[in-house]
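So the structure is just underneath, and the comments pick up after that.
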There are 2 protein chains.
Amino acid sequence: MQNKIRINGSRLWQRLMAIGEIGRIAGTTGCDRQALTDGDKASRDLFITWAEEIDCEIAIDNIGNLSATLVGSEPELPPVITGSHLDTQPTGGMFDGIYGCLAGLEVLTTIAQNNIKHNHSLKVTVWTNEEGCRFKTAMMGSAVWSGMMTPEEAYALCDDNGTSVLDELKRLEYLGAPVKATAKAAFELHIEQGPVLEQQDKTIGVVTSVQHMSRHKVTISGVEAHAGPTPMSMRKDPIKALAKILPALYEFGNDSGVDGRVTIGQIETYPGSNNTVPGELMFTIDLRHPIEENYKQLVSQSYKAIKSICEELNLPVEVGCFWHSHGIEFDKNCVNSVEKAVAHLGYSNMEIFSGAGHDACNVASVVPTSMIFIPCKDGISHNVNEMATESDVTAGANVLLHAMLDQANTFASNE
Amino acid sequence: MQNKIRINGSRLWQRLMAIGEIGRIAGTTGCDRQALTDGDKASRDLFITWAEEIDCEIAIDNIGNLSATLVGSEPELPPVITGSHLDTQPTGGMFDGIYGCLAGLEVLTTIAQNNIKHNHSLKVTVWTNEEGCRFKTAMMGSAVWSGMMTPEEAYALCDDNGTSVLDELKRLEYLGAPVKATAKAAFELHIEQGPVLEQQDKTIGVVTSVQHMSRHKVTISGVEAHAGPTPMSMRKDPIKALAKILPALYEFGNDSGVDGRVTIGQIETYPGSNNTVPGELMFTIDLRHPIEENYKQLVSQSYKAIKSICEELNLPVEVGCFWHSHGIEFDKNCVNSVEKAVAHLGYSNMEIFSGAGHDACNVASVVPTSMIFIPCKDGISHNVNEMATESDVTAGANVLLHAMLDQANTFASNE
């Protein structure tokens, strides 16, 4: 019987649309539901409502990670877990993160309603603050869970208004007790956030690894001066440095091959007056590559160029890494469960690496983990136009269902 | 007797320091006293207090321009005027604009206290919103006075919070009745805001002309995408365009010779998330050159390059001029009065052009006008470190005194 069960794609789709109404950006299908805002809380509260319908045990940990557990017949065994996040970018979509949470809940709902026995408990977790846009540190909840960050470090993170993570956890009543990070196996289902599956016309990406990636902040000091009288040769103009740094960064990215990624997402000038040479320039660089050697070269080339250009122009510069995620090789046994599920279900598929960081990267440092991707339209994500089809959404959740059941060790007994 | 009179440099310096306390940026000698803020009003109120001590007639016009007049023996004659502004940049100094106002008041005070007869009235005006940083349009008060802008256009200008010029004029009680723009001659005394006089070791700059100048806003549309998964070749990344545009702009500036000016004061990315390719990039360009042909080439080269780079990258772009000030040749008769005053006083001097726009540019479109410069430290202006010496401040005001007296037609009778 277990072989034949499938998730309810229509219910999953309707729930995705329902959560997508929270923080909806008017006139779009996008959402602004940044971490630990009222919108984030509302989406979590709705998630709990649905989890309680199938009698899940609800738990909140000391960094606000929210879990719903379908207790197995041998509760002392480590659970098989899945999860993702409900928070979004400021102009995010309805699928990034949300899909992984709701598909996990759909898997538990399907198993509960079909009375499928499972000796391992099955758990879906909503990780806190995956996006990192509000509190500037991504994948925070899973980092605390996996011991890569202390709760105190996370609590102290503040948004631009000086409101801390701890303030918001208390205000939203999402501050619980520490939990032990344990699982037999972990899976995360996600939209690809890139164009490869769509281009290759594949329904499922069997994710085997994650790129090396890091984010860097560059601050160049100049001297404010009036735009008219000061001759160009006498200026200390940080934008002159930017004019040399940007082409160099894109060249390094290009030299590193098709898998290299260079993103300048934020540029700010101070004081930002149109007739004043800026006294300060700040910009961020996000660097990624799946091959460690190429990644390290990309970082070192960038740092070297920035420092030498600023030195040449006699402009003081500070450059530092504020976030780093080591590349991951996912657990072969978990990948194998995904491969078996895809083969069983007959979906077209390919092996793929993840270009983005996910909570699964942190989880993988503690327990055997792998990921599943489905295509998204035009590869667009972190954008209000992010979209996936109901058919692919359903397929991905079915793969998650069978991969989790494979790990929950119940296949033989229920067959 | 008139030949021998000199302004009181110590009083002038003390008044500069007193106004500098209003809106003082803590720990600096700089000020934040943007147009039509409480600080701007406080500085005007203090100005009025001093002007009333010498029985000046005080008037406020329909755009808040504040005038103090020492009525001449023939009040029907057009006045000899001077003036500048008391508003500052967000991180401005104590001299830019303020010096011209207080030196004008010092000239009137000296003339009043020495009982120097003058048939033409002598007037000093505090022009409203010269800096243009809060309401995005510089030299506003003098533009309305000279008929280059209607009061209605000026009233409707709003700051970033949506507060209009008219709202603030009413709130601060600085809204008066229209006046006729008339004067026999006009002078504006100002710090150079550039390094030339200091480098050439001259006390006085006899300003003969003002650069052509304009400000432009460029908005490039991209497509937001996640920093990791989207291959570089598939991105619509507006920063890629910036990487090509910035070097081109600096090259055009360089090619236009030592008098060309290219300033990129503001750069903003939207949504400004460090792991998202920006969906939009906005930046401003300020372009200046004293020679009209070179100026026009600088503008046309810049527009052409921006459009062709964005077309090549297939990125939609909007580029437009939001402020323009035509170059000025100052009135030869006024320049001659300044030259005579400098020669009489024996200060070292040179002819110079202004790289910055000043209220005098607008005034010059209606009445005979010229300017006087003194050095400022390291040429720094629009900066909290803007500084001038008491000796140069005194010298400049003495030149203004004698240039105004020369035009007030009293030299012979008082000699």
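Within each chain, counting starts at residue 1; across the structure tokens, chains are named A, B, ... in the order shown, with ligands numbered 1 upward in that order.
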Exercise for the section: Please provide as a PyMOL selection string all residues within 10 Å of range 320-322 of chain A, with the sequence filter that same-chain residues fewer than 5 positions apart are discarded (counting only C-alpha atoms). Expected result: chain A and resi 136-137+214-219+284-286+299+303
Selection to disk with N, CA, C and O atoms, as a PDB file, in the first residue's frame:
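Generated output (again10.pdb):
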ATOM      1  N   LYS A 136      20.699  40.342   8.755  1.00  0.00           N
ATOM      2  CA  LYS A 136      22.021  40.330   8.106  1.00  0.00           C
ATOM      3  C   LYS A 136      22.796  39.016   8.270  1.00  0.00           C
ATOM      4  O   LYS A 136      23.940  38.925   7.851  1.00  0.00           O
ATOM      5  N   THR A 137      22.200  38.019   8.907  1.00  0.00           N
ATOM      6  CA  THR A 137      22.862  36.721   9.020  1.00  0.00           C
ATOM      7  C   THR A 137      21.873  35.649   8.571  1.00  0.00           C
ATOM      8  O   THR A 137      20.845  35.449   9.215  1.00  0.00           O
ATOM      9  N   SER A 214      30.250  32.955   0.183  1.00  0.00           N
ATOM     10  CA  SER A 214      30.499  33.910   1.260  1.00  0.00           C
ATOM     11  C   SER A 214      30.085  35.302   0.833  1.00  0.00           C
ATOM     12  O   SER A 214      29.953  35.596  -0.353  1.00  0.00           O
ATOM     13  N   ARG A 215      29.855  36.141   1.857  1.00  0.00           N
ATOM     14  CA  ARG A 215      29.455  37.524   1.606  1.00  0.00           C
ATOM     15  C   ARG A 215      30.430  38.478   2.277  1.00  0.00           C
ATOM     16  O   ARG A 215      30.848  38.232   3.406  1.00  0.00           O
ATOM     17  N   HIS A 216      30.750  39.542   1.578  1.00  0.00           N
ATOM     18  CA  HIS A 216      31.807  40.451   2.009  1.00  0.00           C
ATOM     19  C   HIS A 216      31.309  41.890   1.946  1.00  0.00           C
ATOM     20  O   HIS A 216      30.522  42.237   1.077  1.00  0.00           O
ATOM     21  N   LYS A 217      31.796  42.683   2.896  1.00  0.00           N
ATOM     22  CA  LYS A 217      31.419  44.098   2.933  1.00  0.00           C
ATOM     23  C   LYS A 217      32.669  44.931   2.693  1.00  0.00           C
ATOM     24  O   LYS A 217      33.704  44.711   3.332  1.00  0.00           O
ATOM     25  N   VAL A 218      32.568  45.862   1.772  1.00  0.00           N
ATOM     26  CA  VAL A 218      33.695  46.730   1.438  1.00  0.00           C
ATOM     27  C   VAL A 218      33.306  48.169   1.785  1.00  0.00           C
ATOM     28  O   VAL A 218      32.244  48.640   1.376  1.00  0.00           O
ATOM     29  N   THR A 219      34.137  48.844   2.566  1.00  0.00           N
ATOM     30  CA  THR A 219      33.894  50.250   2.902  1.00  0.00           C
ATOM     31  C   THR A 219      35.121  51.056   2.494  1.00  0.00           C
ATOM     32  O   THR A 219      36.222  50.808   2.992  1.00  0.00           O
ATOM     33  N   THR A 284      28.431  45.470  -1.002  1.00  0.00           N
ATOM     34  CA  THR A 284      28.574  44.066  -0.612  1.00  0.00           C
ATOM     35  C   THR A 284      28.930  43.231  -1.843  1.00  0.00           C
ATOM     36  O   THR A 284      28.558  43.571  -2.967  1.00  0.00           O
ATOM     37  N   ILE A 285      29.660  42.163  -1.597  1.00  0.00           N
ATOM     38  CA  ILE A 285      29.985  41.205  -2.662  1.00  0.00           C
ATOM     39  C   ILE A 285      29.610  39.810  -2.171  1.00  0.00           C
ATOM     40  O   ILE A 285      29.994  39.416  -1.066  1.00  0.00           O
ATOM     41  N   ASP A 286      28.874  39.068  -2.981  1.00  0.00           N
ATOM     42  CA  ASP A 286      28.543  37.674  -2.696  1.00  0.00           C
ATOM     43  C   ASP A 286      29.307  36.828  -3.715  1.00  0.00           C
ATOM     44  O   ASP A 286      29.167  37.038  -4.920  1.00  0.00           O
ATOM     45  N   VAL A 299      37.795  34.553  -4.157  1.00  0.00           N
ATOM     46  CA  VAL A 299      37.850  35.412  -2.971  1.00  0.00           C
ATOM     47  C   VAL A 299      39.194  36.137  -2.901  1.00  0.00           C
ATOM     48  O   VAL A 299      39.240  37.362  -2.709  1.00  0.00           O
ATOM     49  N   TYR A 303      39.840  40.262  -3.053  1.00  0.00           N
ATOM     50  CA  TYR A 303      40.449  41.018  -1.961  1.00  0.00           C
ATOM     51  C   TYR A 303      41.704  41.754  -2.435  1.00  0.00           C
ATOM     52  O   TYR A 303      41.919  42.919  -2.117  1.00  0.00           O
TER      53      TYR A 303
END
Would you tabulate, counting only C-alpha atoms, all residues of range 271-370 of chain A that have an atom at most 10 Å from an atom of range 138-151 of chain A, showing the closest pair of atoms and their distance in Å to one decimal, sorted by chain then ascending number, as a tab-separated table?
residue	atom	partner	partner_atom	distance
A:Trp323	CA	A:Ala138	CA	7.9
A:His324	CA	A:Ala138	CA	9.6
A:Ser325	CA	A:Met139	CA	9.7
A:Gly357	CA	A:Met139	CA	7.8
A:His358	CA	A:Met139	CA	6.7
A:Asp359	CA	A:Met139	CA	5.5
A:Ala360	CA	A:Ser142	CA	7.9
A:Cys361	CA	A:Ser142	CA	8.6
A:Asn362	CA	A:Ala143	CA	5.6
A:Val363	CA	A:Ser146	CA	6.0
A:Ala364	CA	A:Ser146	CA	8.6
A:Ser365	CA	A:Ser146	CA	7.0
A:Val366	CA	A:Ser146	CA	6.0
A:Val367	CA	A:Ser146	CA	8.9
Handout entry: Residue neighbourhood range 83-90 of chain B, 6 Å, only C-alpha atoms, exclusion window fewer than 2 positions, as a list in words
Key =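 With the cut-off at 6 Å, the set is Asp32, Arg33, Gln34, Ala35, Asp40, Gly92, Gly97, Ile98, Gly100, Cys101, Val124, Thr125, Val126, Trp127 and Glu188 of chain B.
Here CA of Ser391 in chain B is placed at a distance of 13.7 Å from CA of Gly346 in chain B.
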Handout entry: From B:Phe187, B:Glu21, B:Cys376, B:Gln407, residue lying nearest Leu77 in chain B [only C-alpha atoms]
Key =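 Residue with the minimum atom-to-atom distance to Leu77 in chain B: B:Gln407.
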Problem - Test item: residues at most 7 Å from Leu70 in chain B, only C-alpha atoms, excluding those fewer than 5 positions along its chain, as a list in words - result: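 Everything that qualifies: Cys56, Glu57, Leu108, Ser121, Leu122 and Lys123 of chain B.
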Practice task
Considering only C-alpha atoms, extract the chain A residues located within 6 Å of chain B and return them as an MDAnalysis selection string.
Solution key: chainID A and resid 193:194 224:230 243 246:247 263 265:269 272:274 276:278 284 355:356 380:383
Problem - d(CA of Ala183 in chain A, CA of Ile60 in chain A) in Å - result: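 Between CA of Ala183 in chain A and CA of Ile60 in chain A the gap works out to 16.7 Å.
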Mind checking DSSP for range 323-367 of chain B and telling me the alpha helix (DSSP H) residues as a PDB file with N, CA and C atoms, in the first residue's frame?
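Once everything was written out, this is out.pdb:
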ATOM      1  N   LYS B 332      30.853  93.113 -16.330  1.00  0.00           N
ATOM      2  CA  LYS B 332      32.213  93.686 -16.327  1.00  0.00           C
ATOM      3  C   LYS B 332      32.335  94.879 -15.374  1.00  0.00           C
ATOM      4  N   ASN B 333      31.265  95.654 -15.270  1.00  0.00           N
ATOM      5  CA  ASN B 333      31.268  96.812 -14.391  1.00  0.00           C
ATOM      6  C   ASN B 333      31.352  96.381 -12.912  1.00  0.00           C
ATOM      7  N   CYS B 334      30.622  95.341 -12.568  1.00  0.00           N
ATOM      8  CA  CYS B 334      30.696  94.821 -11.192  1.00  0.00           C
ATOM      9  C   CYS B 334      32.080  94.238 -10.922  1.00  0.00           C
ATOM     10  N   VAL B 335      32.587  93.448 -11.897  1.00  0.00           N
ATOM     11  CA  VAL B 335      33.935  92.875 -11.741  1.00  0.00           C
ATOM     12  C   VAL B 335      34.938  94.008 -11.540  1.00  0.00           C
ATOM     13  N   ASN B 336      34.738  95.096 -12.265  1.00  0.00           N
ATOM     14  CA  ASN B 336      35.649  96.240 -12.163  1.00  0.00           C
ATOM     15  C   ASN B 336      35.602  96.859 -10.759  1.00  0.00           C
ATOM     16  N   SER B 337      34.409  96.921 -10.165  1.00  0.00           N
ATOM     17  CA  SER B 337      34.303  97.442  -8.784  1.00  0.00           C
ATOM     18  C   SER B 337      35.080  96.559  -7.812  1.00  0.00           C
ATOM     19  N   VAL B 338      35.010  95.232  -8.024  1.00  0.00           N
ATOM     20  CA  VAL B 338      35.764  94.307  -7.168  1.00  0.00           C
ATOM     21  C   VAL B 338      37.264  94.520  -7.372  1.00  0.00           C
ATOM     22  N   GLU B 339      37.677  94.635  -8.634  1.00  0.00           N
ATOM     23  CA  GLU B 339      39.110  94.826  -8.930  1.00  0.00           C
ATOM     24  C   GLU B 339      39.637  96.116  -8.288  1.00  0.00           C
ATOM     25  N   LYS B 340      38.836  97.184  -8.369  1.00  0.00           N
ATOM     26  CA  LYS B 340      39.253  98.456  -7.766  1.00  0.00           C
ATOM     27  C   LYS B 340      39.382  98.321  -6.249  1.00  0.00           C
ATOM     28  N   ALA B 341      38.413  97.612  -5.648  1.00  0.00           N
ATOM     29  CA  ALA B 341      38.446  97.433  -4.189  1.00  0.00           C
ATOM     30  C   ALA B 341      39.678  96.645  -3.765  1.00  0.00           C
ATOM     31  N   VAL B 342      39.966  95.564  -4.493  1.00  0.00           N
ATOM     32  CA  VAL B 342      41.133  94.727  -4.163  1.00  0.00           C
ATOM     33  C   VAL B 342      42.414  95.538  -4.305  1.00  0.00           C
ATOM     34  N   ALA B 343      42.497  96.325  -5.393  1.00  0.00           N
ATOM     35  CA  ALA B 343      43.698  97.142  -5.629  1.00  0.00           C
ATOM     36  C   ALA B 343      43.861  98.165  -4.505  1.00  0.00           C
ATOM     37  N   HIS B 344      42.731  98.803  -4.138  1.00  0.00           N
ATOM     38  CA  HIS B 344      42.746  99.791  -3.061  1.00  0.00           C
ATOM     39  C   HIS B 344      43.226  99.176  -1.736  1.00  0.00           C
ATOM     40  N   LEU B 345      42.767  97.939  -1.462  1.00  0.00           N
ATOM     41  CA  LEU B 345      43.073  97.294  -0.187  1.00  0.00           C
ATOM     42  C   LEU B 345      44.428  96.586  -0.204  1.00  0.00           C
ATOM     43  N   ASP B 359      23.663  81.475  -5.775  1.00  0.00           N
ATOM     44  CA  ASP B 359      22.499  82.323  -6.006  1.00  0.00           C
ATOM     45  C   ASP B 359      22.828  83.444  -6.988  1.00  0.00           C
ATOM     46  N   ALA B 360      24.086  83.893  -6.976  1.00  0.00           N
ATOM     47  CA  ALA B 360      24.520  84.959  -7.892  1.00  0.00           C
ATOM     48  C   ALA B 360      24.269  84.594  -9.354  1.00  0.00           C
ATOM     49  N   CYS B 361      24.255  83.300  -9.675  1.00  0.00           N
ATOM     50  CA  CYS B 361      23.999  82.882 -11.064  1.00  0.00           C
ATOM     51  C   CYS B 361      22.579  83.271 -11.462  1.00  0.00           C
ATOM     52  N   ASN B 362      21.629  83.061 -10.554  1.00  0.00           N
ATOM     53  CA  ASN B 362      20.248  83.450 -10.843  1.00  0.00           C
ATOM     54  C   ASN B 362      20.085  84.971 -10.836  1.00  0.00           C
ATOM     55  N   VAL B 363      20.681  85.598  -9.836  1.00  0.00           N
ATOM     56  CA  VAL B 363      20.589  87.056  -9.718  1.00  0.00           C
ATOM     57  C   VAL B 363      21.145  87.720 -10.984  1.00  0.00           C
TER      58      VAL B 363
END
Problem - Contacts of Leu157 in chain B within 10 Å, only C-alpha atoms, excl. fewer than 2 positions in-chain, as a PyMOL selection string - result: chain B and resi 134-137+140+152-155+159+162-167
Exercise for the section: Run DSSP on the backbone and give me the residues of range 182-308 of chain A it puts in strand (DSSP E or B), as a PyMOL selection string. Expected result: chain A and resi 185-191+204-210+212-221+225-226+261-263+267-270+276-277+280-289
Exercise for the section: Please measure the separation of CA of Phe95 in chain A and CA of Gln199 in chain A, giving the value in Å to one decimal. Expected result: 19.2 Å
